[in-house]
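See below for protein-v2.tsv, which holds TSV, C-alpha atoms.
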chain	number	residue	atom	x	y	z
A	1	MET	CA	8.42	-0.66	43.48
A	2	ASN	CA	7.31	0.51	40.05
A	3	ARG	CA	8.65	3.73	38.52
A	4	GLU	CA	7.00	5.55	35.67
A	5	PHE	CA	7.93	8.57	33.61
A	6	ARG	CA	5.02	10.69	32.58
A	7	VAL	CA	5.31	13.74	30.41
A	8	ALA	CA	1.88	14.92	31.44
A	9	GLY	CA	2.75	14.86	35.10
A	10	ASN	CA	-0.13	14.61	37.53
A	11	ASN	CA	-3.76	14.88	36.73
A	12	GLY	CA	-3.66	18.39	38.09
A	13	PRO	CA	-4.79	21.51	36.33
A	14	LEU	CA	-1.38	22.08	34.65
A	15	GLY	CA	-0.82	18.46	33.56
A	16	PHE	CA	-1.30	19.30	29.88
A	17	LEU	CA	1.73	21.63	29.76
A	18	GLY	CA	4.28	18.83	29.25
A	19	PRO	CA	2.80	17.47	26.01
A	20	LEU	CA	2.00	21.00	24.84
A	21	LEU	CA	5.63	22.02	25.35
A	22	ILE	CA	6.89	18.97	23.44
A	23	LEU	CA	4.51	19.65	20.54
A	24	THR	CA	5.56	23.30	20.47
A	25	VAL	CA	9.25	22.38	20.30
A	26	PHE	CA	8.57	19.76	17.60
A	27	PHE	CA	6.64	22.17	15.37
A	28	ALA	CA	9.22	24.94	15.94
A	29	ILE	CA	12.02	22.60	14.76
A	30	LEU	CA	9.87	21.54	11.80
A	31	PHE	CA	9.25	25.21	10.94
A	32	PHE	CA	12.96	26.08	10.98
A	33	ILE	CA	13.83	23.07	8.81
A	34	ALA	CA	11.13	24.00	6.28
A	35	ARG	CA	12.25	27.63	6.28
A	36	GLY	CA	15.86	26.58	5.63
A	37	ILE	CA	14.82	24.34	2.74
A	38	PHE	CA	12.66	27.14	1.30
A	39	LYS	CA	15.55	29.64	1.51
A	40	LEU	CA	17.92	27.18	-0.14
A	41	LEU	CA	15.40	26.52	-2.88
A	42	ALA	CA	14.87	30.29	-3.36
A	43	PHE	CA	18.63	30.68	-3.79
A	44	VAL	CA	18.88	28.05	-6.57
A	45	THR	CA	15.58	28.92	-8.28
A	46	PRO	CA	17.10	30.92	-11.17
A	47	VAL	CA	19.50	28.10	-11.98
A	48	LEU	CA	16.69	25.52	-11.78
A	49	LEU	CA	14.50	27.62	-14.07
A	50	ILE	CA	17.25	27.89	-16.69
A	51	ILE	CA	17.97	24.16	-16.50
A	52	THR	CA	14.24	23.45	-16.77
A	53	LEU	CA	14.00	25.58	-19.91
A	54	ILE	CA	17.00	23.76	-21.40
A	55	LEU	CA	15.64	20.30	-20.55
A	56	ASP	CA	12.09	20.85	-21.77
A	57	TYR	CA	10.73	24.33	-22.35
A	58	ARG	CA	7.26	22.85	-22.98
A	59	VAL	CA	6.86	22.17	-19.24
A	60	VAL	CA	7.09	25.88	-18.42
A	61	ALA	CA	4.95	26.81	-21.44
A	62	ASP	CA	2.27	24.31	-20.42
A	63	PHE	CA	2.27	25.67	-16.86
A	64	LEU	CA	1.87	29.25	-18.07
A	65	GLN	CA	-0.85	28.12	-20.49
A	66	SER	CA	-2.74	26.44	-17.65
A	67	ILE	CA	-2.55	29.65	-15.58
A	68	TRP	CA	-3.82	31.63	-18.60
A	69	ASN	CA	-6.70	29.17	-19.10
A	70	LEU	CA	-7.53	29.45	-15.40
A	71	LEU	CA	-7.63	33.26	-15.73
A	72	LYS	CA	-10.00	33.02	-18.70
A	73	LYS	CA	-12.24	30.42	-17.07
A	74	SER	CA	-12.39	31.91	-13.59
A	75	PRO	CA	-10.66	35.27	-13.17
A	76	LEU	CA	-10.78	35.29	-9.37
A	77	THR	CA	-9.25	31.82	-9.10
A	78	GLY	CA	-6.62	32.76	-11.69
A	79	ILE	CA	-5.65	35.90	-9.77
A	80	LEU	CA	-5.44	33.88	-6.54
A	81	ALA	CA	-3.24	31.29	-8.28
A	82	ILE	CA	-0.92	34.02	-9.56
A	83	GLY	CA	-0.75	35.62	-6.11
A	84	LEU	CA	0.03	32.31	-4.47
A	85	GLY	CA	2.56	31.55	-7.20
A	86	ILE	CA	4.43	34.76	-6.40
A	87	PHE	CA	4.87	33.69	-2.78
A	88	VAL	CA	5.76	30.05	-3.42
A	89	TYR	CA	7.68	30.47	-6.70
A	90	PRO	CA	10.66	28.39	-5.47
A	91	VAL	CA	8.40	25.41	-4.90
A	92	ILE	CA	6.74	25.85	-8.30
A	93	VAL	CA	10.08	26.10	-10.10
A	94	GLY	CA	11.34	23.04	-8.22
A	95	TYR	CA	8.22	21.14	-9.25
A	96	LEU	CA	8.65	22.20	-12.88
A	97	PHE	CA	12.32	21.17	-12.79
A	98	PHE	CA	11.53	17.66	-11.54
A	99	LYS	CA	8.67	17.37	-14.03
A	100	ALA	CA	11.00	18.29	-16.93
A	101	LEU	CA	13.63	15.89	-15.63
A	102	GLY	CA	11.06	13.10	-15.42
A	103	LYS	CA	9.75	13.78	-18.93
A	104	ARG	CA	13.31	13.73	-20.28
A	105	ASN	CA	14.05	10.40	-18.60
A	106	MET	CA	10.80	8.92	-19.90
A	107	LYS	CA	11.61	10.12	-23.42
A	108	LYS	CA	15.04	8.46	-23.23
A	109	MET	CA	13.50	5.25	-21.96
A	110	TYR	CA	10.94	5.16	-24.81
A	111	GLU	CA	13.69	5.84	-27.36
A	112	THR	CA	15.69	2.94	-25.96
A	113	ILE	CA	12.65	0.66	-26.12
A	114	ASP	CA	11.92	1.69	-29.73
A	115	LYS	CA	15.55	1.19	-30.68
A	116	ASP	CA	15.56	-2.29	-29.13
A	117	LYS	CA	12.26	-3.10	-30.83
A	118	ASN	CA	13.59	-2.23	-34.28
A	119	THR	CA	16.82	-4.22	-34.05
A	120	TYR	CA	17.19	-7.87	-34.83
A	121	THR	CA	18.60	-10.34	-32.38
A	122	ASP	CA	21.41	-12.62	-33.51
A	123	TYR	CA	20.43	-16.25	-33.32
A	124	GLU	CA	21.72	-19.65	-34.29
A	125	GLU	CA	19.56	-22.45	-35.63
A	126	VAL	CA	19.86	-25.61	-33.60
A	127	GLU	CA	19.16	-28.89	-35.33
A	128	ASP	CA	17.58	-31.84	-33.59
A	129	VAL	CA	20.44	-34.13	-32.74
A	130	VAL	CA	18.33	-36.50	-30.67
A	131	GLU	CA	17.15	-39.24	-32.99
A	132	ASP	CA	16.59	-41.85	-30.33
A	133	THR	CA	13.01	-41.31	-29.13
A	134	SER	CA	12.80	-44.50	-27.10
A	135	PHE	CA	12.87	-42.46	-23.91
A	136	LEU	CA	9.44	-41.12	-24.86
A	137	GLU	CA	7.76	-44.52	-24.88
A	138	LEU	CA	5.44	-44.93	-21.93
A	139	PRO	CA	4.59	-48.23	-20.22
A	140	GLN	CA	1.22	-49.83	-20.92
A	141	LEU	CA	-1.64	-48.64	-18.79
A	142	ASN	CA	-3.18	-51.24	-16.49
A	143	LYS	CA	-6.86	-51.94	-16.99
A	144	LYS	CA	-9.33	-52.01	-14.10
A	145	GLY	CA	-9.23	-55.14	-12.05
A	146	GLU	CA	-5.75	-56.16	-13.07
A	147	LYS	CA	-3.09	-55.99	-10.43
A	148	PRO	CA	0.22	-54.65	-11.53
A	149	ALA	CA	2.98	-57.17	-11.74
A	150	GLN	CA	5.31	-56.11	-8.97
A	151	GLU	CA	7.82	-57.87	-6.90
A	152	GLU	CA	6.51	-59.07	-3.56
A	153	ASN	CA	8.21	-57.52	-0.59
A	154	LYS	CA	7.51	-57.53	3.12
A	155	TYR	CA	5.90	-54.07	3.10
A	156	ASP	CA	3.27	-55.02	0.52
A	157	ARG	CA	1.70	-57.41	2.99
A	158	LEU	CA	1.09	-54.59	5.46
A	159	PHE	CA	-1.32	-52.78	3.15
What would you get if you wrote out this structure as structure tokens?
Amino acid sequence: MNREFRVAGNNGPLGFLGPLLILTVFFAILFFIARGIFKLLAFVTPVLLIITLILDYRVVADFLQSIWNLLKKSPLTGILAIGLGIFVYPVIVGYLFFKALGKRNMKKMYETIDKDKNTYTDYEEVEDVVEDTSFLELPQLNKKGEKPAQEENKYDRLF
């Protein structure tokens, strides 16, 4: 006896309702999670904006400059970008915060590299204490046709 669990049920006319119900529940849960994250981000947006301005005000200035250039180049696209920015401002501020944080970390890393590059490393000169170079002498190379002088053993006769 073989038992199977099928979400779709039978091949009847209402067999698609099981997967449809599961997908609906999945996307509803995903929607509520995204809405909660968006509300949390909207709550901390003013603080993130202030921290972003403290970390690197050029990030915000560059963003506003790009919106201004978009307005001059294509007014309709610029207006649409501003309208979309009004609705998703928490996401934009979060993006600008992480961009400023990344730029700050990169600047610190480059300063550390430059600092390490401009400092000298302490070193100690080591003199050659090995005067005996007899270990470097190699044995003479055998010429063609000459058999090497080896001791005869019982395994040599096998080959």
Inset, instruction - Identify which of the residues A:Phe32, A:Ile82, A:Val88, A:Lys107 lies closest to Leu70 of chain A, counting only C-alpha atoms when measuring atom-to-atom distances. - result: A:Ile82
Legend entry - From A:Arg3, A:Thr24, A:Ile33, A:Thr52, residue lying nearest Lys103 of chain A [all atoms listed in the file]: A:Thr52
Inset, instruction - List every protein, DNA or RNA residue that has at least one atom no more than 12 Å from (16.3, 15.5, -19.4) in the file's coordinates, counting all atoms listed in the file, and write the result as an MDAnalysis selection string. - result: chainID A and resid 51:57 59 97:109
Legend entry - Separation of atom CA of Tyr89 of chain A from atom CA of Ala42 of chain A in Å: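 Separation of atom CA of Ala42 of chain A and atom CA of Tyr89 of chain A: 7.9 Å.
In this structure, atom CA of Leu21 of chain A sits 28.8 Å away from atom CA of Leu40 of chain A.
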Legend entry - Atom-to-atom span, atom CA of Gly94 of chain A and atom CA of Val25 of chain A, Å: 28.6 Å
Inset, instruction - Between A:Leu71, A:Ile22, A:Ile92, A:Leu64, single out the one closest to Leu48 of chain A, counting all atoms listed in the file. - result: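 Selected residue with least distance to Leu48 of chain A: A:Ile92.
Only residues having an atom at most 12 Å from (0.3, 27.4, -14.1) are included; using only C-alpha atoms, these are A:Val59, A:Val60, A:Ala61, A:Asp62, A:Phe63, A:Leu64, A:Gln65, A:Ser66, A:Ile67, A:Trp68, A:Asn69, A:Leu70, A:Leu71, A:Thr77, A:Gly78, A:Ile79, A:Leu80, A:Ala81, A:Ile82, A:Gly83, A:Leu84, A:Gly85, A:Ile86, A:Tyr89, A:Ile92, A:Val93, A:Tyr95, A:Leu96.
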Legend entry - Pick from A:Tyr120, A:Leu49, A:Pro90, A:Lys72, whichever lies nearest to Arg35 of chain A using only C-alpha atoms: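 Ranking A:Tyr120, A:Leu49, A:Pro90, A:Lys72 by distance to Arg35 of chain A, first place goes to A:Pro90.
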